[in-house]
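Asks: I'd like to ask you about the structure that follows.
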Amino acid sequence: MSMLSTHYTHVQFNAPGGPEVLELAQSPLPAIAPDQLLIKVEYAGVNGPDVAQRRGLYPPPTGASEILGLEVSGTVVAKGEQVTGWQLGDRVCALVPGGGYGEYVATWGVHCLPIPTGVTMAQAAALPETFFTVWGHMFMRGGLKAGETVLIHGGSGGIGSAAVTLAKQFAVKVLVTCGSQEKIDYCLALGADHGFNYHDEDLLAQIKAVAPQGVDLVLDMASGDLIDLNLKALAIEGRLVTIALQRGRRAEVDVALLMAKRICWTGATLRPQSVAAKQAIADGLRQQVWPKFDTQEGSSLVPHLFAEFALGDAAKAHALMESGQHRGKLVLKVAKD
């Protein structure tokens with residue numbers, strides 16, 4: 001590490017608040033553990049948990065960097081002696097425990113993946129958080145498989161977009177809900193089979209019209225008042241996987257429906273899971289998803305970048321994300337030209 005500078009630039013905030021609290025700062029380079037890599041960051045993805053953390057609603061897990069940012073693309077510039085499978089100079093995309101909004105970040109070697117075929121470094125930075133979330137929750141936890149039907153709430157955001165494209169790669173029928181016709185059209189262009197406006201009063205009837213037996217799985221980022229609708233929309237033996245609380249953390253539900261349909265309702269967040277749990281997700285992605293980038297249909301897996309901002313403009317990226325006007329992913333360009 002003697003070739004590296006001793007300090008680096010990153011985004012920080014001194015107190016929770018609006019996007020304007022984000023500013024650039026300098027700190028000593030992150031130290032790496034024996035099983036970690038140091039990555040020189042080219043691009044960092046911007047995600048909902050970053051916004052929640054900035055607002056003081058989502059503290060980082062114990063031991064994680066206080067700096068925002070959960071996914072990056074870049075180059076390996078240092079590695080711990082226990083790391084296998086990676087060399088200095090390798091170009092990677094990585095899930096990071098925090099610290100992504102900076103010129104360097106430390107993460108575990110087992111949470112890194114190679115840059116897939118046909119994917120730019122900017123696009124690669126938008127893969128890990130969403131793909132780890134969708135693979136770990138919709139496929140591993142939710143058990144989604146070919147021939148089933150999934151209902152994805154909020155299909156046009158970063159997680160929703162990845163859920164649509166991944167589900168279609170595995171021959172799943174995809175229904176989405178969005179807040180506008182423009183966002184529905186975007187999801188249909190991604191490959192969704194049907195889209196609905198979640199503001200419609202007859203939303204359940206519309207879903208039942210295309211899935212008369214009910215849906216096999218709901219990927220739920222809304223929670224709140226949509227939980228009851230989810231239970232009604234699910235088929236016998238259906239699964240409900242709640243991964244975000246955009247419509248609130250409380251719900252009034254008919255528990256008899258859960259019993260009558262033998263529904264399995266589970267929930268999770270990605271960030272607090274163990275290094276080993278995230279490694280299992282990374283292994284699944286490497287074995288079952290990454291090879292699909294090499295196929296003719298793989299181009300649909302490449303994330304749609306809605307906007308790119310300079311690192312110093314992280315506040316603008318957060319303001320856009322909070323506005324809900326984006327479709328797809330937002331990234332920060334960290335590396336200097």
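In the structure tokens, chains take letters A, B, ... by order of appearance, with residues numbered from 1 within each chain and ligands from 1 in the order shown.
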What are the DSSP alpha helix (DSSP H) residues of region 71-300 of chain A, as a PyMOL selection string?

Replies: chain A and resi 121-124+128-134+158-169+181-190+203-210+226-233+255-261+275-284

Asks: Can you list, as a PDB file with C-alpha atoms, in the first residue's frame, every protein, DNA or RNA residue that comes within 9 Å of region 17-20 of chain A when you count only C-alpha atoms, leaving out same-chain residues fewer than 3 positions away?

Replies:
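Saved the output as around-v7.pdb:
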```pdb
ATOM      1  CA  PHE A  13     -22.601  14.467   6.866  1.00  0.00           C
ATOM      2  CA  GLU A  23     -20.379  17.406   1.860  1.00  0.00           C
ATOM      3  CA  VAL A  51     -31.161   8.226   1.956  1.00  0.00           C
ATOM      4  CA  ARG A  54     -28.652  10.355   5.883  1.00  0.00           C
ATOM      5  CA  ARG A  55     -32.023  11.175   7.432  1.00  0.00           C
ATOM      6  CA  GLY A  56     -30.996   9.412  10.660  1.00  0.00           C
ATOM      7  CA  ALA A 314     -24.219  13.475  -4.012  1.00  0.00           C
ATOM      8  CA  ALA A 315     -26.827  15.893  -2.598  1.00  0.00           C
ATOM      9  CA  LYS A 316     -28.369  16.258  -6.084  1.00  0.00           C
ATOM     10  CA  ALA A 317     -28.511  12.473  -6.444  1.00  0.00           C
ATOM     11  CA  HIS A 318     -30.267  12.155  -3.069  1.00  0.00           C
ATOM     12  CA  ALA A 319     -32.752  14.910  -3.946  1.00  0.00           C
TER      13      ALA A 319
END
```

Asks: Which residues are near Met121 (chain A)? Cut-off 10 Å, only C-alpha atoms, ignore same chain within fewer than 6 positions. Put them as a compact mmCIF listing (two decimals) with C-alpha atoms, in the first residue's frame.

Replies:
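Full text of result_24.txt as output:
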```
# COMPACT_ATOMS: atom_id res chain seq x y z
CA VAL A 41 -13.62 3.23 -6.58
CA GLU A 42 -14.67 4.31 -10.08
CA TYR A 43 -18.42 4.54 -9.49
CA ALA A 44 -20.72 4.17 -6.49
CA VAL A 72 -19.21 0.16 -6.00
CA SER A 73 -17.22 -0.69 -9.08
CA GLY A 74 -13.47 -0.24 -9.20
CA ARG A 91 -11.72 -4.88 -11.91
CA VAL A 92 -14.64 -5.77 -9.67
CA CYS A 93 -18.09 -4.74 -8.56
CA ILE A 115 -17.52 -7.12 -14.11
CA LYS A 333 -18.77 9.05 -10.68
```

Asks: Quick one: residues within 7 Å of Gly224 (chain A), only C-alpha atoms, excluding same-chain residues fewer than 4 positions away - as a ChimeraX atom specification?

Replies: /A:245,247-251

Asks: Which residue gives the smallest distance to Val275 (chain A) among A:Val96, A:Ile32, A:Leu175, A:Val119, with only C-alpha atoms counted?

Replies: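 Checking each of A:Val96, A:Ile32, A:Leu175, A:Val119 against Val275 (chain A), counting only C-alpha atoms, the winner is A:Val96.
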
Asks: Return the single residue from A:Leu320, A:Val174, A:Leu22, A:Leu95 that is closest to Ala126 (chain A), with distances computed using only C-alpha atoms.

Replies: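 With only C-alpha atoms as the atom set, the closest residue is A:Leu95.
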
Asks: Identify which of the residues A:Lys168, A:Met221, A:Asp337, A:Pro212 lies closest to Ile236 (chain A), counting only C-alpha atoms when measuring atom-to-atom distances.

Replies: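 Going through A:Lys168, A:Met221, A:Asp337, A:Pro212 one by one, the smallest distance to Ile236 (chain A) is for A:Pro212.
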
Asks: What lies within 12 Å of Val164 (chain A) using only C-alpha atoms, ignoring chain neighbours under 3 positions off, as a PyMOL selection string?

Replies: chain A and resi 130-131+134-135+138+149-161+167-177+184+186-195+219+300-303+328

Asks: By how many Å are CA of Gly147 (chain A) and CA of Cys264 (chain A) apart?

Replies: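 These atoms are spaced 18.9 Å apart.
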
Asks: Interatomic distance between CA of Ala205 (chain A) and CA of Asp185 (chain A)?

Replies: 20.0 Å

Asks: Which parts of region 187-315 of chain A does DSSP call strand (DSSP E) when run on the backbone here, written out as a PyMOL selection string?

Replies: chain A and resi 194-197+215-220+234-242+264-267+305-310

Asks: Would you kindly return, as a PyMOL selection string, each protein, DNA or RNA residue with an atom no farther than 8 Å from any atom of Ala268 (chain A), considering only C-alpha atoms and excluding same-chain residues fewer than 5 positions away?

Replies: chain A and resi 137+241-243
